[in-house]
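So this block is protein_2.csv, CSV, C-alpha atoms and all ligand atoms:
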chain,number,residue,atom,x,y,z
S,280,MET,CA,-114.9,45.0,6.3
S,281,ASP,CA,-114.7,42.0,4.1
S,282,LYS,CA,-118.2,40.8,5.1
S,283,LYS,CA,-120.9,42.5,3.0
S,284,ILE,CA,-122.9,44.8,5.1
S,285,ASN,CA,-126.3,46.4,4.1
S,286,TRP,CA,-125.0,49.9,4.0
S,287,GLN,CA,-121.8,49.1,2.1
S,288,TYR,CA,-121.3,51.3,-1.0
S,289,GLU,CA,-122.6,49.6,-4.1
S,290,GLU,CA,-119.4,49.6,-6.2
S,291,PHE,CA,-120.8,47.5,-9.0
S,292,GLN,CA,-123.1,50.4,-10.0
S,293,GLN,CA,-121.0,52.6,-12.2
S,294,VAL,CA,-121.0,56.3,-11.5
S,295,GLY,CA,-120.4,58.8,-14.3
S,296,LYS,CA,-119.2,57.0,-17.4
S,297,ASP,CA,-120.8,53.6,-17.5
S,298,TYR,CA,-117.9,51.2,-18.1
S,299,GLY,CA,-120.3,48.3,-17.8
S,300,ARG,CA,-121.6,49.2,-21.4
S,301,PRO,CA,-119.8,47.2,-24.1
S,302,GLU,CA,-120.1,50.3,-26.4
S,303,GLU,CA,-117.9,52.3,-23.9
S,304,VAL,CA,-115.4,49.5,-23.6
S,305,ALA,CA,-115.1,49.1,-27.4
S,306,VAL,CA,-114.0,52.8,-27.8
S,307,TYR,CA,-111.9,53.0,-24.6
S,308,ASP,CA,-108.4,52.2,-25.9
S,309,ASP,CA,-108.7,54.4,-29.0
S,310,SER,CA,-110.1,57.3,-27.1
S,311,HIS,CA,-107.5,57.2,-24.4
S,312,ALA,CA,-104.8,56.9,-27.0
S,313,GLU,CA,-105.7,60.5,-28.0
S,314,PHE,CA,-104.4,61.9,-24.8
S,315,ARG,CA,-102.3,59.1,-23.2
S,316,GLU,CA,-99.1,57.2,-24.2
S,317,VAL,CA,-100.4,54.1,-22.6
S,318,ASP,CA,-97.6,51.7,-23.4
S,319,ALA,CA,-95.0,54.2,-22.3
S,320,GLU,CA,-97.0,55.1,-19.1
S,321,ASN,CA,-97.2,51.4,-18.2
S,322,GLN,CA,-93.5,50.8,-18.8
S,323,ALA,CA,-92.7,53.8,-16.6
S,324,ILE,CA,-94.8,52.3,-13.8
S,325,LEU,CA,-93.0,48.9,-14.2
S,326,ASP,CA,-89.6,50.7,-14.1
S,327,GLU,CA,-90.7,52.6,-10.9
S,328,LEU,CA,-91.8,49.5,-9.2
S,329,GLU,CA,-88.6,47.5,-9.7
S,330,LEU,CA,-90.4,44.2,-9.1
S,331,ARG,CA,-88.4,41.3,-7.8
S,332,ALA,CA,-88.3,38.1,-9.8
S,333,GLY,CA,-91.4,36.1,-8.9
S,334,ALA,CA,-93.4,39.1,-7.8
S,335,VAL,CA,-97.2,39.1,-7.5
S,336,LEU,CA,-99.1,42.2,-8.5
S,337,VAL,CA,-102.7,43.3,-8.2
S,338,ASP,CA,-104.2,45.8,-10.7
S,339,LEU,CA,-107.4,47.3,-9.2
S,340,GLY,CA,-109.8,48.8,-11.8
S,341,CYS,CA,-107.8,47.1,-14.6
S,342,GLY,CA,-110.2,48.3,-17.4
S,343,THR,CA,-109.2,46.9,-20.8
S,344,GLY,CA,-106.2,45.1,-19.3
S,345,ALA,CA,-103.4,47.2,-21.0
S,346,PHE,CA,-101.4,47.4,-17.8
S,347,ALA,CA,-102.0,43.9,-16.6
S,348,VAL,CA,-100.9,42.4,-20.0
S,349,GLN,CA,-97.8,44.6,-20.1
S,350,ALA,CA,-96.9,43.8,-16.5
S,351,ALA,CA,-97.4,40.0,-16.9
S,352,PRO,CA,-93.9,39.2,-18.2
S,353,TYR,CA,-92.4,41.0,-15.1
S,354,CYS,CA,-94.5,39.0,-12.6
S,355,ARG,CA,-95.1,35.4,-11.5
S,356,HIS,CA,-98.7,36.3,-11.3
S,357,VAL,CA,-101.0,39.3,-11.9
S,358,HIS,CA,-104.5,39.6,-10.5
S,359,ALA,CA,-106.6,42.0,-12.6
S,360,VAL,CA,-109.7,43.2,-10.9
S,361,ASP,CA,-112.7,45.2,-12.2
S,362,VAL,CA,-116.3,45.7,-11.4
S,363,SER,CA,-117.2,45.7,-15.2
S,364,GLU,CA,-117.8,42.3,-16.8
S,365,ALA,CA,-117.5,44.0,-20.2
S,366,MET,CA,-114.1,45.4,-19.3
S,367,LEU,CA,-113.0,42.0,-18.0
S,368,MET,CA,-114.1,40.2,-21.2
S,369,TYR,CA,-112.2,42.7,-23.3
S,370,ALA,CA,-109.1,42.4,-21.1
S,371,ARG,CA,-109.2,38.6,-21.1
S,372,ASP,CA,-109.3,38.7,-24.9
S,373,LYS,CA,-106.3,41.1,-25.0
S,374,ALA,CA,-104.3,38.7,-22.8
S,375,LYS,CA,-105.3,35.7,-24.9
S,376,HIS,CA,-104.1,37.5,-28.1
S,377,ALA,CA,-100.8,38.5,-26.4
S,378,GLY,CA,-100.3,34.8,-25.4
S,379,VAL,CA,-100.2,35.8,-21.7
S,380,THR,CA,-101.3,33.1,-19.3
S,381,ASN,CA,-100.4,34.3,-15.8
S,382,ILE,CA,-103.2,36.8,-15.3
S,383,ALA,CA,-106.2,35.9,-13.1
S,384,PHE,CA,-109.2,38.1,-13.8
S,385,HIS,CA,-111.6,38.8,-11.0
S,386,HIS,CA,-115.1,40.4,-11.2
S,387,ALA,CA,-114.8,42.5,-8.0
S,388,GLY,CA,-113.8,45.9,-6.9
S,389,PHE,CA,-111.8,47.9,-4.3
S,390,LEU,CA,-114.4,47.1,-1.6
S,391,THR,CA,-115.2,43.5,-2.5
S,392,TYR,CA,-112.1,41.9,-3.9
S,393,LEU,CA,-111.1,38.9,-1.7
S,394,HIS,CA,-107.5,37.9,-2.1
S,395,GLU,CA,-107.3,34.3,-1.1
S,396,GLU,CA,-103.5,33.9,-1.4
S,397,ALA,CA,-100.4,35.4,0.3
S,398,ALA,CA,-99.9,39.2,0.6
S,399,VAL,CA,-98.7,40.7,-2.6
S,400,ASP,CA,-95.6,42.7,-3.7
S,401,ALA,CA,-97.4,45.5,-5.5
S,402,ILE,CA,-100.7,47.1,-6.2
S,403,VAL,CA,-101.3,49.3,-9.2
S,404,THR,CA,-104.5,51.4,-9.6
S,405,THR,CA,-104.8,53.9,-12.4
S,406,PHE,CA,-107.8,56.2,-13.0
S,407,ALA,CA,-110.2,54.1,-11.0
S,408,LEU,CA,-110.2,55.1,-7.3
S,409,HIS,CA,-112.2,58.3,-8.1
S,410,HIS,CA,-115.2,56.0,-8.6
S,411,LEU,CA,-115.5,55.8,-4.8
S,412,PRO,CA,-116.7,58.7,-2.6
S,413,ASP,CA,-114.0,59.8,-0.1
S,414,PHE,CA,-115.1,57.7,2.9
S,415,TRP,CA,-115.0,54.6,0.8
S,416,LYS,CA,-111.7,55.5,-0.8
S,417,GLY,CA,-110.4,55.4,2.8
S,418,ILE,CA,-111.8,51.9,3.3
S,419,ALA,CA,-110.4,50.8,-0.1
S,420,LEU,CA,-106.9,52.1,0.9
S,421,GLN,CA,-107.1,50.2,4.2
S,422,ARG,CA,-107.9,47.0,2.3
S,423,MET,CA,-105.0,47.7,-0.1
S,424,HIS,CA,-102.7,48.1,2.9
S,425,ARG,CA,-103.8,44.6,4.2
S,426,LEU,CA,-103.4,43.1,0.7
S,427,LEU,CA,-99.7,44.2,0.5
S,428,LYS,CA,-96.7,42.7,2.2
S,429,PRO,CA,-94.9,45.0,4.7
S,430,GLY,CA,-92.7,47.1,2.4
S,431,GLY,CA,-95.0,46.4,-0.6
S,432,LYS,CA,-95.6,49.1,-3.1
S,433,LEU,CA,-98.8,51.0,-4.0
S,434,PHE,CA,-98.7,52.9,-7.3
S,435,LEU,CA,-101.7,55.2,-7.5
S,436,ARG,CA,-102.6,57.4,-10.5
S,437,ASP,CA,-105.8,59.3,-10.6
S,438,VAL,CA,-107.5,62.7,-11.1
S,439,VAL,CA,-106.7,64.4,-7.8
S,440,ILE,CA,-106.9,68.2,-7.4
S,441,PRO,CA,-104.7,70.6,-5.5
S,442,GLU,CA,-106.8,73.1,-3.6
S,443,HIS,CA,-105.0,76.2,-4.9
S,444,ASN,CA,-106.7,77.4,-8.1
S,445,ALA,CA,-108.6,74.1,-8.3
S,446,LEU,CA,-111.3,75.4,-10.6
S,447,GLN,CA,-108.8,77.0,-13.0
S,448,HIS,CA,-106.8,73.7,-13.1
S,449,ILE,CA,-110.0,71.8,-13.9
S,450,ALA,CA,-111.0,74.3,-16.6
S,451,GLY,CA,-107.5,74.1,-18.1
S,452,PHE,CA,-107.6,70.3,-18.1
S,453,ILE,CA,-111.0,70.2,-19.8
S,454,ALA,CA,-109.8,72.7,-22.5
S,455,LYS,CA,-106.7,70.5,-23.1
S,456,GLN,CA,-108.9,67.4,-23.5
S,457,ALA,CA,-111.1,69.2,-26.0
S,458,GLU,CA,-108.0,70.1,-28.0
S,459,ALA,CA,-106.8,66.5,-28.0
S,460,GLY,CA,-110.1,64.8,-28.8
S,461,GLY,CA,-112.8,67.3,-29.6
S,462,ASP,CA,-116.3,67.1,-28.1
S,463,PHE,CA,-116.0,63.5,-27.1
S,464,LEU,CA,-113.1,64.1,-24.7
S,465,ARG,CA,-114.4,67.5,-23.6
S,466,GLU,CA,-117.7,66.0,-22.6
S,467,ASP,CA,-115.9,63.0,-21.0
S,468,ALA,CA,-113.8,65.3,-18.8
S,469,GLU,CA,-116.8,67.6,-17.9
S,470,ALA,CA,-118.8,64.5,-16.9
S,471,HIS,CA,-115.9,63.3,-14.8
S,472,PHE,CA,-115.8,66.4,-12.6
S,473,ARG,CA,-119.6,66.8,-12.5
S,474,GLU,CA,-120.5,63.2,-11.7
S,475,GLU,CA,-117.5,61.3,-10.3
S,476,TYR,CA,-115.6,61.6,-7.0
S,477,SER,CA,-112.2,63.1,-7.7
S,478,THR,CA,-110.9,64.8,-4.5
S,479,TYR,CA,-108.4,67.3,-3.2
S,480,ASP,CA,-104.8,66.1,-2.9
S,481,TRP,CA,-104.7,67.0,0.8
S,482,ILE,CA,-107.5,64.5,1.3
S,483,MET,CA,-105.8,61.8,-0.7
S,484,ASP,CA,-102.5,62.5,1.1
S,485,GLY,CA,-104.3,62.1,4.5
S,486,LEU,CA,-106.2,59.0,3.4
S,487,LEU,CA,-103.0,57.3,2.3
S,488,PHE,CA,-101.1,58.2,5.4
S,489,ARG,CA,-104.0,57.1,7.7
S,490,ALA,CA,-104.3,53.8,5.9
S,491,GLY,CA,-100.6,53.1,6.8
S,492,PHE,CA,-98.7,54.2,3.7
S,493,THR,CA,-95.6,56.3,3.3
S,494,ILE,CA,-95.8,58.5,0.3
S,495,ASP,CA,-92.4,58.1,-1.4
S,496,THR,CA,-93.1,60.3,-4.4
S,497,LYS,CA,-96.1,62.5,-5.4
S,498,CYS,CA,-96.4,64.4,-8.6
S,499,ILE,CA,-99.3,66.3,-10.1
S,500,GLN,CA,-99.2,67.0,-13.9
S,501,GLU,CA,-101.5,69.0,-16.0
S,502,GLY,CA,-103.1,70.5,-12.9
S,503,VAL,CA,-105.1,67.5,-12.0
S,504,LEU,CA,-103.3,64.2,-12.8
S,505,ALA,CA,-101.7,62.9,-9.7
S,506,THR,CA,-99.2,60.0,-9.3
S,507,TYR,CA,-98.4,58.6,-5.9
S,508,LYS,CA,-95.8,55.9,-5.3
S,509,CYS,CA,-96.2,54.6,-1.7
S,510,THR,CA,-94.9,51.9,0.6
S,511,ARG,CA,-96.8,49.9,3.1
S,512,LYS,CA,-95.1,51.1,6.2
S,513,ARG,CA,-96.1,48.6,8.9
S,601,LIG,C1,-111.2,55.0,-16.4
S,601,LIG,S1,-111.1,53.3,-16.3
S,601,LIG,C2,-109.4,53.0,-15.9
S,601,LIG,C3,-108.9,51.7,-16.5
S,601,LIG,C4,-107.4,51.5,-16.5
S,601,LIG,N1,-106.9,51.3,-15.1
S,601,LIG,C5,-106.7,52.6,-17.1
S,601,LIG,O1,-105.8,53.2,-16.5
S,601,LIG,O2,-106.9,52.8,-18.3
S,601,LIG,C6,-111.9,53.0,-14.7
S,601,LIG,C7,-112.1,51.5,-14.4
S,601,LIG,O3,-112.4,51.3,-13.1
S,601,LIG,C8,-113.4,50.4,-13.0
S,601,LIG,N2,-114.1,50.6,-11.7
S,601,LIG,C9,-115.1,51.5,-11.3
S,601,LIG,N3,-115.4,51.3,-10.0
S,601,LIG,C10,-114.6,50.4,-9.5
S,601,LIG,C11,-114.4,49.8,-8.3
S,601,LIG,N4,-115.2,50.2,-7.2
S,601,LIG,N5,-113.5,48.8,-8.1
S,601,LIG,C12,-112.7,48.4,-9.1
S,601,LIG,N6,-112.8,49.0,-10.4
S,601,LIG,C13,-113.8,49.9,-10.6
S,601,LIG,C14,-114.3,50.7,-14.2
S,601,LIG,O4,-115.1,49.5,-14.5
S,601,LIG,C15,-113.3,50.9,-15.2
S,601,LIG,O5,-112.9,49.7,-15.9

Can you present the structure in this file as structure tokens?
Amino acid sequence: MDKKINWQYEEFQQVGKDYGRPEEVAVYDDSHAEFREVDAENQAILDELELRAGAVLVDLGCGTGAFAVQAAPYCRHVHAVDVSEAMLMYARDKAKHAGVTNIAFHHAGFLTYLHEEAAVDAIVTTFALHHLPDFWKGIALQRMHRLLKPGGKLFLRDVVIPEHNALQHIAGFIAKQAEAGGDFLREDAEAHFREEYSTYDWIMDGLLFRAGFTIDTKCIQEGVLATYKCTRKR
């Protein structure tokens, strides 16, 4: 499905929070620092991936580029992909300030990124896949499968909800966000569940499996924050 078709999902149109707006991008890192330890999270991802020397990695939905910049010294090349020009501009600037020169930035998304080089060692995508409805998540995961070498790793972190007590978990998470960052983070979290496409974990498990991944580890924290480490199995 690499050819654009008339009925393809329009992934450049943001749903929920509009990360195309420079005003949103400007506050992103500071607001996320209120509830995430971003550097430590990124380091843990890199430790998990155990990248070989000379590895090539793709970061899908790279946002402000925090992971791509931190990953760059561990890789021969990083491809940082996002549908938001404003995010990419911010991320490019971050890389420049860090003196990092081995990141290629791509204005594209899960459904439109065309990788014109050899299959890659690893894909990382954090808090981005929920921008697609479930059918298109499936297509996106099939594309990620094709992008990876056999045995390549997919690290996926996103808001994914276990079915049991789902509504309580969501309410608990929203309350925790409000505690961490007042009305801004409460409204942010409410809008997430109201307007974006977070799904059940059994759906995500199935989509990963059907796309050809083995789920090596899966962990759900704070009721709704899921981390999957997967391997391309064939
Ligand atoms: C919540 S931010 C996450 C950014 C970063 N990965 C992080 O963990 O902080 C979501 C990002 O996904 C991007 N995005 C939304 N839809 C996308 C798509 N279809 N393909 C790729 N990126 C997308 C947004 O522009 C935004 O930069």

Step by step, measure atom-to-atom distances between ligand LIG 601 (chain S) and each residue using all atoms listed in the file, keep those at most 7 Å, then write them as a ChimeraX atom specification.
/S:290-291,293,298-299,339-343,360-363,366,387-390,404-408,410-411

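Those residues positioned at most 8 Å from (-94.1, 58.3, -4.0) are Phe434, Thr493, Ile494, Asp495, Thr496, Lys497, Cys498, Thr506, Tyr507, Lys508, Cys509 and Thr510 of chain S, judged using all atoms listed in the file.
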
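Excluding Lys455 of chain S itself and any same-chain residue fewer than 3 positions from it, the protein and nucleic acid residues within 12 Å of it, counting all atoms listed in the file, are S:Glu313, S:Phe314, S:His448, S:Ile449, S:Ala450, S:Gly451, S:Phe452, S:Glu458, S:Ala459, S:Gly460, S:Gly461, S:Asp462, S:Leu464, S:Arg465, S:Glu466, S:Ala468, S:Glu469, S:Glu501, S:Gly502, S:Val503.
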
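With all atoms listed in the file as the basis for measurement, S:Val399 is the residue among S:Val399, S:Gln349, S:Thr380, S:Ala370 that approaches Arg331 of chain S most closely.
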
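Using only C-alpha atoms, the shortest contact distance between Leu426 of chain S and any of S:Leu504, S:Ile482, S:Val379, S:Leu336 is found at S:Leu336.
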
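When atom CA of Phe346 of chain S is paired with atom CA of Ala505 of chain S, their separation reads 17.5 Å.
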